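Peer 1: Okay, so here is model.csv, and as you'll see once you scroll down, it has CSV, N, CA and C atoms.
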chain,number,residue,atom,x,y,z
A,23,MET,N,0.8,-1.2,0.0
A,23,MET,CA,0.0,0.0,0.0
A,23,MET,C,0.9,1.2,0.0
A,24,SER,N,0.4,2.3,-0.5
A,24,SER,CA,1.1,3.5,-0.7
A,24,SER,C,1.2,4.2,0.7
A,25,ALA,N,2.4,4.5,1.1
A,25,ALA,CA,2.6,5.3,2.3
A,25,ALA,C,2.2,6.7,2.1
A,26,THR,N,2.0,7.2,0.9
A,26,THR,CA,1.7,8.5,0.6
A,26,THR,C,0.2,8.8,0.8
A,27,ASN,N,-0.6,7.7,0.9
A,27,ASN,CA,-2.1,7.9,1.0
A,27,ASN,C,-2.6,7.1,2.1
A,28,PRO,N,-2.6,7.7,3.3
A,28,PRO,CA,-3.1,7.0,4.5
A,28,PRO,C,-4.6,6.8,4.4
A,29,GLU,N,-5.3,7.5,3.6
A,29,GLU,CA,-6.8,7.3,3.5
A,29,GLU,C,-7.1,6.0,2.9
A,30,LEU,N,-6.3,5.6,1.9
A,30,LEU,CA,-6.5,4.3,1.2
A,30,LEU,C,-6.2,3.2,2.2
A,31,ARG,N,-5.2,3.3,3.0
A,31,ARG,CA,-4.8,2.3,4.0
A,31,ARG,C,-5.9,2.2,5.0
A,32,ARG,N,-6.5,3.3,5.4
A,32,ARG,CA,-7.6,3.3,6.4
A,32,ARG,C,-8.8,2.5,5.8
A,33,GLN,N,-9.1,2.8,4.5
A,33,GLN,CA,-10.2,2.1,3.8
A,33,GLN,C,-10.0,0.6,3.7
A,34,VAL,N,-8.8,0.2,3.4
A,34,VAL,CA,-8.5,-1.2,3.3
A,34,VAL,C,-8.6,-1.9,4.7
A,35,ILE,N,-8.1,-1.3,5.7
A,35,ILE,CA,-8.2,-1.9,7.1
A,35,ILE,C,-9.7,-1.9,7.5
A,36,ALA,N,-10.5,-0.9,7.2
A,36,ALA,CA,-11.9,-0.8,7.6
A,36,ALA,C,-12.7,-1.9,6.9
A,37,ILE,N,-12.5,-2.1,5.5
A,37,ILE,CA,-13.2,-3.2,4.8
A,37,ILE,C,-12.8,-4.6,5.3
A,38,TYR,N,-11.5,-4.7,5.6
A,38,TYR,CA,-11.0,-6.0,6.2
A,38,TYR,C,-11.8,-6.3,7.5
A,39,LYS,N,-11.9,-5.3,8.4
A,39,LYS,CA,-12.5,-5.5,9.6
A,39,LYS,C,-14.0,-5.8,9.5
A,40,GLU,N,-14.6,-5.1,8.5
A,40,GLU,CA,-16.1,-5.4,8.3
A,40,GLU,C,-16.3,-6.8,7.7
A,41,LEU,N,-15.4,-7.2,6.8
A,41,LEU,CA,-15.6,-8.6,6.3
A,41,LEU,C,-15.3,-9.6,7.4
A,42,LEU,N,-14.3,-9.3,8.2
A,42,LEU,CA,-14.0,-10.2,9.3
A,42,LEU,C,-15.2,-10.4,10.2
A,43,ASN,N,-15.8,-9.3,10.5
A,43,ASN,CA,-17.0,-9.3,11.4
A,43,ASN,C,-18.2,-10.1,10.7
A,44,LEU,N,-18.4,-9.8,9.4
A,44,LEU,CA,-19.4,-10.6,8.7
A,44,LEU,C,-19.1,-12.1,8.7
A,45,GLY,N,-17.9,-12.4,8.7
A,45,GLY,CA,-17.5,-13.8,8.6
A,45,GLY,C,-17.9,-14.6,9.8
A,46,ARG,N,-18.2,-14.0,10.9
A,46,ARG,CA,-18.6,-14.7,12.1
A,46,ARG,C,-20.0,-15.4,11.9
A,47,ASP,N,-20.8,-14.9,10.9
A,47,ASP,CA,-22.1,-15.5,10.6
A,47,ASP,C,-22.0,-16.3,9.3
A,48,TYR,N,-20.8,-16.5,8.8
A,48,TYR,CA,-20.7,-17.2,7.5
A,48,TYR,C,-21.2,-18.6,7.6
A,49,PRO,N,-22.0,-19.1,6.7
A,49,PRO,CA,-22.6,-20.5,6.8
A,49,PRO,C,-21.6,-21.6,7.0
A,50,GLN,N,-20.4,-21.5,6.5
A,50,GLN,CA,-19.4,-22.6,6.7
A,50,GLN,C,-18.5,-22.3,7.9
A,51,GLY,N,-18.8,-21.3,8.6
A,51,GLY,CA,-18.1,-21.0,9.8
A,51,GLY,C,-16.9,-20.0,9.7
A,52,PHE,N,-16.6,-19.4,10.8
A,52,PHE,CA,-15.6,-18.4,10.9
A,52,PHE,C,-14.2,-19.0,10.6
A,53,ASN,N,-14.0,-20.3,11.1
A,53,ASN,CA,-12.7,-20.9,10.9
A,53,ASN,C,-12.5,-21.3,9.4
A,54,TYR,N,-13.5,-21.3,8.6
A,54,TYR,CA,-13.4,-21.5,7.2
A,54,TYR,C,-13.1,-20.2,6.5
A,55,PHE,N,-13.8,-19.1,7.0
A,55,PHE,CA,-13.9,-17.8,6.3
A,55,PHE,C,-12.6,-17.0,6.6
A,56,ARG,N,-12.1,-17.0,7.8
A,56,ARG,CA,-11.0,-16.1,8.1
A,56,ARG,C,-9.7,-16.4,7.3
A,57,PRO,N,-9.2,-17.7,7.2
A,57,PRO,CA,-8.0,-17.9,6.5
A,57,PRO,C,-8.2,-17.5,5.0
A,58,ARG,N,-9.3,-17.7,4.4
A,58,ARG,CA,-9.5,-17.3,3.0
A,58,ARG,C,-9.6,-15.8,2.8
A,59,LEU,N,-10.2,-15.1,3.8
A,59,LEU,CA,-10.2,-13.6,3.8
A,59,LEU,C,-8.7,-13.1,3.8
A,60,HIS,N,-8.0,-13.7,4.8
A,60,HIS,CA,-6.6,-13.2,5.0
A,60,HIS,C,-5.8,-13.5,3.7
A,61,LYS,N,-6.0,-14.7,3.1
A,61,LYS,CA,-5.2,-15.0,1.9
A,61,LYS,C,-5.6,-14.1,0.7
A,62,ALA,N,-6.9,-13.7,0.6
A,62,ALA,CA,-7.3,-12.8,-0.5
A,62,ALA,C,-6.7,-11.4,-0.3
A,63,PHE,N,-6.6,-10.9,0.9
A,63,PHE,CA,-6.0,-9.6,1.2
A,63,PHE,C,-4.5,-9.7,1.0
A,64,MET,N,-3.9,-10.7,1.4
A,64,MET,CA,-2.4,-10.8,1.2
A,64,MET,C,-2.0,-11.0,-0.2
A,65,ALA,N,-2.9,-11.5,-1.0
A,65,ALA,CA,-2.7,-11.6,-2.5
A,65,ALA,C,-2.6,-10.3,-3.1
A,66,ASN,N,-3.2,-9.3,-2.5
A,66,ASN,CA,-3.2,-7.9,-3.0
A,66,ASN,C,-2.3,-7.0,-2.2
A,67,ALA,N,-1.5,-7.5,-1.3
A,67,ALA,CA,-0.7,-6.7,-0.5
A,67,ALA,C,0.4,-6.0,-1.2
A,68,HIS,N,0.8,-6.5,-2.4
A,68,HIS,CA,1.9,-5.9,-3.2
A,68,HIS,C,1.4,-4.7,-4.0
A,69,LEU,N,0.1,-4.4,-4.0
A,69,LEU,CA,-0.4,-3.3,-4.8
A,69,LEU,C,0.2,-2.0,-4.3
A,70,ARG,N,0.7,-1.1,-5.2
A,70,ARG,CA,1.2,0.2,-4.9
A,70,ARG,C,0.4,1.3,-5.6
A,71,ASP,N,-0.1,1.0,-6.8
A,71,ASP,CA,-0.8,2.0,-7.6
A,71,ASP,C,-2.2,2.3,-6.9
A,72,GLU,N,-2.4,3.6,-6.7
A,72,GLU,CA,-3.7,4.0,-6.0
A,72,GLU,C,-4.9,3.5,-6.7
A,73,GLU,N,-4.9,3.5,-8.0
A,73,GLU,CA,-6.1,3.1,-8.8
A,73,GLU,C,-6.3,1.6,-8.6
A,74,ALA,N,-5.3,0.8,-8.6
A,74,ALA,CA,-5.4,-0.6,-8.4
A,74,ALA,C,-5.9,-0.9,-7.0
A,75,ILE,N,-5.5,-0.2,-6.0
A,75,ILE,CA,-5.9,-0.3,-4.6
A,75,ILE,C,-7.4,0.0,-4.6
A,76,ARG,N,-7.8,1.1,-5.2
A,76,ARG,CA,-9.3,1.5,-5.3
A,76,ARG,C,-10.1,0.4,-5.9
A,77,ASN,N,-9.6,-0.3,-7.0
A,77,ASN,CA,-10.3,-1.4,-7.6
A,77,ASN,C,-10.4,-2.6,-6.7
A,78,ALA,N,-9.4,-2.8,-5.9
A,78,ALA,CA,-9.4,-4.0,-5.0
A,78,ALA,C,-10.4,-3.7,-3.9
A,79,ILE,N,-10.5,-2.4,-3.4
A,79,ILE,CA,-11.4,-2.0,-2.4
A,79,ILE,C,-12.9,-2.2,-2.9
A,80,GLY,N,-13.1,-1.8,-4.2
A,80,GLY,CA,-14.4,-2.0,-4.8
A,80,GLY,C,-14.8,-3.5,-4.9
A,81,ARG,N,-13.8,-4.4,-5.2
A,81,ARG,CA,-14.1,-5.8,-5.2
A,81,ARG,C,-14.5,-6.3,-3.8
A,82,ALA,N,-13.7,-5.8,-2.8
A,82,ALA,CA,-14.0,-6.2,-1.5
A,82,ALA,C,-15.4,-5.7,-1.0
A,83,ASP,N,-15.8,-4.5,-1.5
A,83,ASP,CA,-17.1,-4.0,-1.1
A,83,ASP,C,-18.2,-4.9,-1.8
A,84,PHE,N,-17.9,-5.3,-3.0
A,84,PHE,CA,-18.9,-6.2,-3.7
A,84,PHE,C,-19.0,-7.5,-2.9
A,85,VAL,N,-17.9,-8.1,-2.5
A,85,VAL,CA,-17.9,-9.3,-1.7
A,85,VAL,C,-18.7,-9.1,-0.4
A,86,LYS,N,-18.5,-8.0,0.2
A,86,LYS,CA,-19.2,-7.6,1.5
A,86,LYS,C,-20.7,-7.6,1.2
A,87,LYS,N,-21.2,-7.0,0.1
A,87,LYS,CA,-22.6,-7.0,-0.2
A,87,LYS,C,-23.1,-8.4,-0.4
A,88,GLU,N,-22.3,-9.2,-1.1
A,88,GLU,CA,-22.8,-10.6,-1.4
A,88,GLU,C,-22.9,-11.4,-0.1
A,89,ILE,N,-22.0,-11.2,0.8
A,89,ILE,CA,-22.0,-11.9,2.1
A,89,ILE,C,-23.2,-11.5,2.9
A,90,GLU,N,-23.5,-10.2,2.9
A,90,GLU,CA,-24.6,-9.6,3.6
A,90,GLU,C,-26.0,-10.2,3.1
A,91,ALA,N,-26.0,-10.6,1.8
A,91,ALA,CA,-27.2,-11.1,1.2
A,91,ALA,C,-27.4,-12.6,1.6
A,92,LEU,N,-26.4,-13.2,2.1
A,92,LEU,CA,-26.6,-14.6,2.5
A,92,LEU,C,-27.6,-14.8,3.7
Can you give me the file's structure in the form of structure tokens?
Peer 2:
Amino acid sequence: MSATNPELRRQVIAIYKELLNLGRDYPQGFNYFRPRLHKAFMANAHLRDEEAIRNAIGRADFVKKEIEAL
């Protein structure tokens, strides 16, 4: 993540925490959900381009809405 944009970092951490909280009610259980969430976020940890980070935040927001619909 870019050290020059702390707002993006805050957004990434916030969406991670929201998804983690939603994972507590995931049908397959929290122990199934948490490692997959962590792996998905770590797969994007190399991103430095602000636009790419915004796109990843958008995908995470989409996943959040899908999980809320369960």
Peer 1: Please run DSSP on the backbone and report, as a compact mmCIF listing (two decimals) with N, CA and C atoms, in the coordinates of the input, all residues within chain A that come out as alpha helix (DSSP H).
Peer 2:
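Dumped everything to out.txt:
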# COMPACT_ATOMS: atom_id res chain seq x y z
N PRO A 28 -2.60 7.70 3.30
CA PRO A 28 -3.10 7.00 4.50
C PRO A 28 -4.60 6.80 4.40
N GLU A 29 -5.30 7.50 3.60
CA GLU A 29 -6.80 7.30 3.50
C GLU A 29 -7.10 6.00 2.90
N LEU A 30 -6.30 5.60 1.90
CA LEU A 30 -6.50 4.30 1.20
C LEU A 30 -6.20 3.20 2.20
N ARG A 31 -5.20 3.30 3.00
CA ARG A 31 -4.80 2.30 4.00
C ARG A 31 -5.90 2.20 5.00
N ARG A 32 -6.50 3.30 5.40
CA ARG A 32 -7.60 3.30 6.40
C ARG A 32 -8.80 2.50 5.80
N GLN A 33 -9.10 2.80 4.50
CA GLN A 33 -10.20 2.10 3.80
C GLN A 33 -10.00 0.60 3.70
N VAL A 34 -8.80 0.20 3.40
CA VAL A 34 -8.50 -1.20 3.30
C VAL A 34 -8.60 -1.90 4.70
N ILE A 35 -8.10 -1.30 5.70
CA ILE A 35 -8.20 -1.90 7.10
C ILE A 35 -9.70 -1.90 7.50
N ALA A 36 -10.50 -0.90 7.20
CA ALA A 36 -11.90 -0.80 7.60
C ALA A 36 -12.70 -1.90 6.90
N ILE A 37 -12.50 -2.10 5.50
CA ILE A 37 -13.20 -3.20 4.80
C ILE A 37 -12.80 -4.60 5.30
N TYR A 38 -11.50 -4.70 5.60
CA TYR A 38 -11.00 -6.00 6.20
C TYR A 38 -11.80 -6.30 7.50
N LYS A 39 -11.90 -5.30 8.40
CA LYS A 39 -12.50 -5.50 9.60
C LYS A 39 -14.00 -5.80 9.50
N GLU A 40 -14.60 -5.10 8.50
CA GLU A 40 -16.10 -5.40 8.30
C GLU A 40 -16.30 -6.80 7.70
N LEU A 41 -15.40 -7.20 6.80
CA LEU A 41 -15.60 -8.60 6.30
C LEU A 41 -15.30 -9.60 7.40
N LEU A 42 -14.30 -9.30 8.20
CA LEU A 42 -14.00 -10.20 9.30
C LEU A 42 -15.20 -10.40 10.20
N ASN A 43 -15.80 -9.30 10.50
CA ASN A 43 -17.00 -9.30 11.40
C ASN A 43 -18.20 -10.10 10.70
N LEU A 44 -18.40 -9.80 9.40
CA LEU A 44 -19.40 -10.60 8.70
C LEU A 44 -19.10 -12.10 8.70
N PHE A 52 -16.60 -19.40 10.80
CA PHE A 52 -15.60 -18.40 10.90
C PHE A 52 -14.20 -19.00 10.60
N ASN A 53 -14.00 -20.30 11.10
CA ASN A 53 -12.70 -20.90 10.90
C ASN A 53 -12.50 -21.30 9.40
N TYR A 54 -13.50 -21.30 8.60
CA TYR A 54 -13.40 -21.50 7.20
C TYR A 54 -13.10 -20.20 6.50
N PHE A 55 -13.80 -19.10 7.00
CA PHE A 55 -13.90 -17.80 6.30
C PHE A 55 -12.60 -17.00 6.60
N ARG A 56 -12.10 -17.00 7.80
CA ARG A 56 -11.00 -16.10 8.10
C ARG A 56 -9.70 -16.40 7.30
N PRO A 57 -9.20 -17.70 7.20
CA PRO A 57 -8.00 -17.90 6.50
C PRO A 57 -8.20 -17.50 5.00
N ARG A 58 -9.30 -17.70 4.40
CA ARG A 58 -9.50 -17.30 3.00
C ARG A 58 -9.60 -15.80 2.80
N LEU A 59 -10.20 -15.10 3.80
CA LEU A 59 -10.20 -13.60 3.80
C LEU A 59 -8.70 -13.10 3.80
N HIS A 60 -8.00 -13.70 4.80
CA HIS A 60 -6.60 -13.20 5.00
C HIS A 60 -5.80 -13.50 3.70
N LYS A 61 -6.00 -14.70 3.10
CA LYS A 61 -5.20 -15.00 1.90
C LYS A 61 -5.60 -14.10 0.70
N ALA A 62 -6.90 -13.70 0.60
CA ALA A 62 -7.30 -12.80 -0.50
C ALA A 62 -6.70 -11.40 -0.30
N PHE A 63 -6.60 -10.90 0.90
CA PHE A 63 -6.00 -9.60 1.20
C PHE A 63 -4.50 -9.70 1.00
N MET A 64 -3.90 -10.70 1.40
CA MET A 64 -2.40 -10.80 1.20
C MET A 64 -2.00 -11.00 -0.20
N ALA A 65 -2.90 -11.50 -1.00
CA ALA A 65 -2.70 -11.60 -2.50
C ALA A 65 -2.60 -10.30 -3.10
N GLU A 72 -2.40 3.60 -6.70
CA GLU A 72 -3.70 4.00 -6.00
C GLU A 72 -4.90 3.50 -6.70
N GLU A 73 -4.90 3.50 -8.00
CA GLU A 73 -6.10 3.10 -8.80
C GLU A 73 -6.30 1.60 -8.60
N ALA A 74 -5.30 0.80 -8.60
CA ALA A 74 -5.40 -0.60 -8.40
C ALA A 74 -5.90 -0.90 -7.00
N ILE A 75 -5.50 -0.20 -6.00
CA ILE A 75 -5.90 -0.30 -4.60
C ILE A 75 -7.40 0.00 -4.60
N ARG A 76 -7.80 1.10 -5.20
CA ARG A 76 -9.30 1.50 -5.30
C ARG A 76 -10.10 0.40 -5.90
N ASN A 77 -9.60 -0.30 -7.00
CA ASN A 77 -10.30 -1.40 -7.60
C ASN A 77 -10.40 -2.60 -6.70
N ALA A 78 -9.40 -2.80 -5.90
CA ALA A 78 -9.40 -4.00 -5.00
C ALA A 78 -10.40 -3.70 -3.90
N ILE A 79 -10.50 -2.40 -3.40
CA ILE A 79 -11.40 -2.00 -2.40
C ILE A 79 -12.90 -2.20 -2.90
N GLY A 80 -13.10 -1.80 -4.20
CA GLY A 80 -14.40 -2.00 -4.80
C GLY A 80 -14.80 -3.50 -4.90
N ARG A 81 -13.80 -4.40 -5.20
CA ARG A 81 -14.10 -5.80 -5.20
C ARG A 81 -14.50 -6.30 -3.80
N ALA A 82 -13.70 -5.80 -2.80
CA ALA A 82 -14.00 -6.20 -1.50
C ALA A 82 -15.40 -5.70 -1.00
N ASP A 83 -15.80 -4.50 -1.50
CA ASP A 83 -17.10 -4.00 -1.10
C ASP A 83 -18.20 -4.90 -1.80
N PHE A 84 -17.90 -5.30 -3.00
CA PHE A 84 -18.90 -6.20 -3.70
C PHE A 84 -19.00 -7.50 -2.90
N VAL A 85 -17.90 -8.10 -2.50
CA VAL A 85 -17.90 -9.30 -1.70
C VAL A 85 -18.70 -9.10 -0.40
N LYS A 86 -18.50 -8.00 0.20
CA LYS A 86 -19.20 -7.60 1.50
C LYS A 86 -20.70 -7.60 1.20
N LYS A 87 -21.20 -7.00 0.10
CA LYS A 87 -22.60 -7.00 -0.20
C LYS A 87 -23.10 -8.40 -0.40
N GLU A 88 -22.30 -9.20 -1.10
CA GLU A 88 -22.80 -10.60 -1.40
C GLU A 88 -22.90 -11.40 -0.10
N ILE A 89 -22.00 -11.20 0.80
CA ILE A 89 -22.00 -11.90 2.10
C ILE A 89 -23.20 -11.50 2.90
N GLU A 90 -23.50 -10.20 2.90
CA GLU A 90 -24.60 -9.60 3.60
C GLU A 90 -26.00 -10.20 3.10
N ALA A 91 -26.00 -10.60 1.80
CA ALA A 91 -27.20 -11.10 1.20
C ALA A 91 -27.40 -12.60 1.60
Peer 1: Would you work out the distance separating atom N of Phe55 of chain A from atom CA of Arg76 of chain A, expressed in Å to one decimal?
Peer 2: 24.4 Å
Peer 1: Give me the residues near Lys86 of chain A as JSON, numbers by chain, where near means some atom within 8 Å (using only N, CA and C atoms) and where sequence neighbours in that chain fewer than 6 positions away do not count.
Peer 2: {"A": [40, 41, 44, 80]}
Peer 1: Any chance you can output those residues with N, CA and C atoms as a PDB file, in the coordinates of the input?
Peer 2:
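Resulting contents of result18.pdb:
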ATOM      1  N   GLU A  40     -14.600  -5.100   8.500  1.00  0.00           N
ATOM      2  CA  GLU A  40     -16.100  -5.400   8.300  1.00  0.00           C
ATOM      3  C   GLU A  40     -16.300  -6.800   7.700  1.00  0.00           C
ATOM      4  N   LEU A  41     -15.400  -7.200   6.800  1.00  0.00           N
ATOM      5  CA  LEU A  41     -15.600  -8.600   6.300  1.00  0.00           C
ATOM      6  C   LEU A  41     -15.300  -9.600   7.400  1.00  0.00           C
ATOM      7  N   LEU A  44     -18.400  -9.800   9.400  1.00  0.00           N
ATOM      8  CA  LEU A  44     -19.400 -10.600   8.700  1.00  0.00           C
ATOM      9  C   LEU A  44     -19.100 -12.100   8.700  1.00  0.00           C
ATOM     10  N   GLY A  80     -13.100  -1.800  -4.200  1.00  0.00           N
ATOM     11  CA  GLY A  80     -14.400  -2.000  -4.800  1.00  0.00           C
ATOM     12  C   GLY A  80     -14.800  -3.500  -4.900  1.00  0.00           C
TER      13      GLY A  80
END
Peer 1: Atom C of Pro28 of chain A and atom CA of Asp47 of chain A, how far apart in Å?
Peer 2: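 Distance reported for this atom pair: 29.0 Å.
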Peer 1: Work out how far atom CA of Ala91 of chain A is from atom CA of Glu29 of chain A, in Å to one decimal.
Peer 2: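 Computing the Euclidean distance for atom CA of Glu29 of chain A and atom CA of Ala91 of chain A yields 27.6 Å.
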Peer 1: For a quick check of understanding, using only C-alpha atoms, which of A:Tyr48, A:Ile89, A:Ile79, A:Met64 has the smallest distance to Leu30 of chain A?
Peer 2: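 Counting only C-alpha atoms, the residue closest to Leu30 of chain A is A:Ile79.
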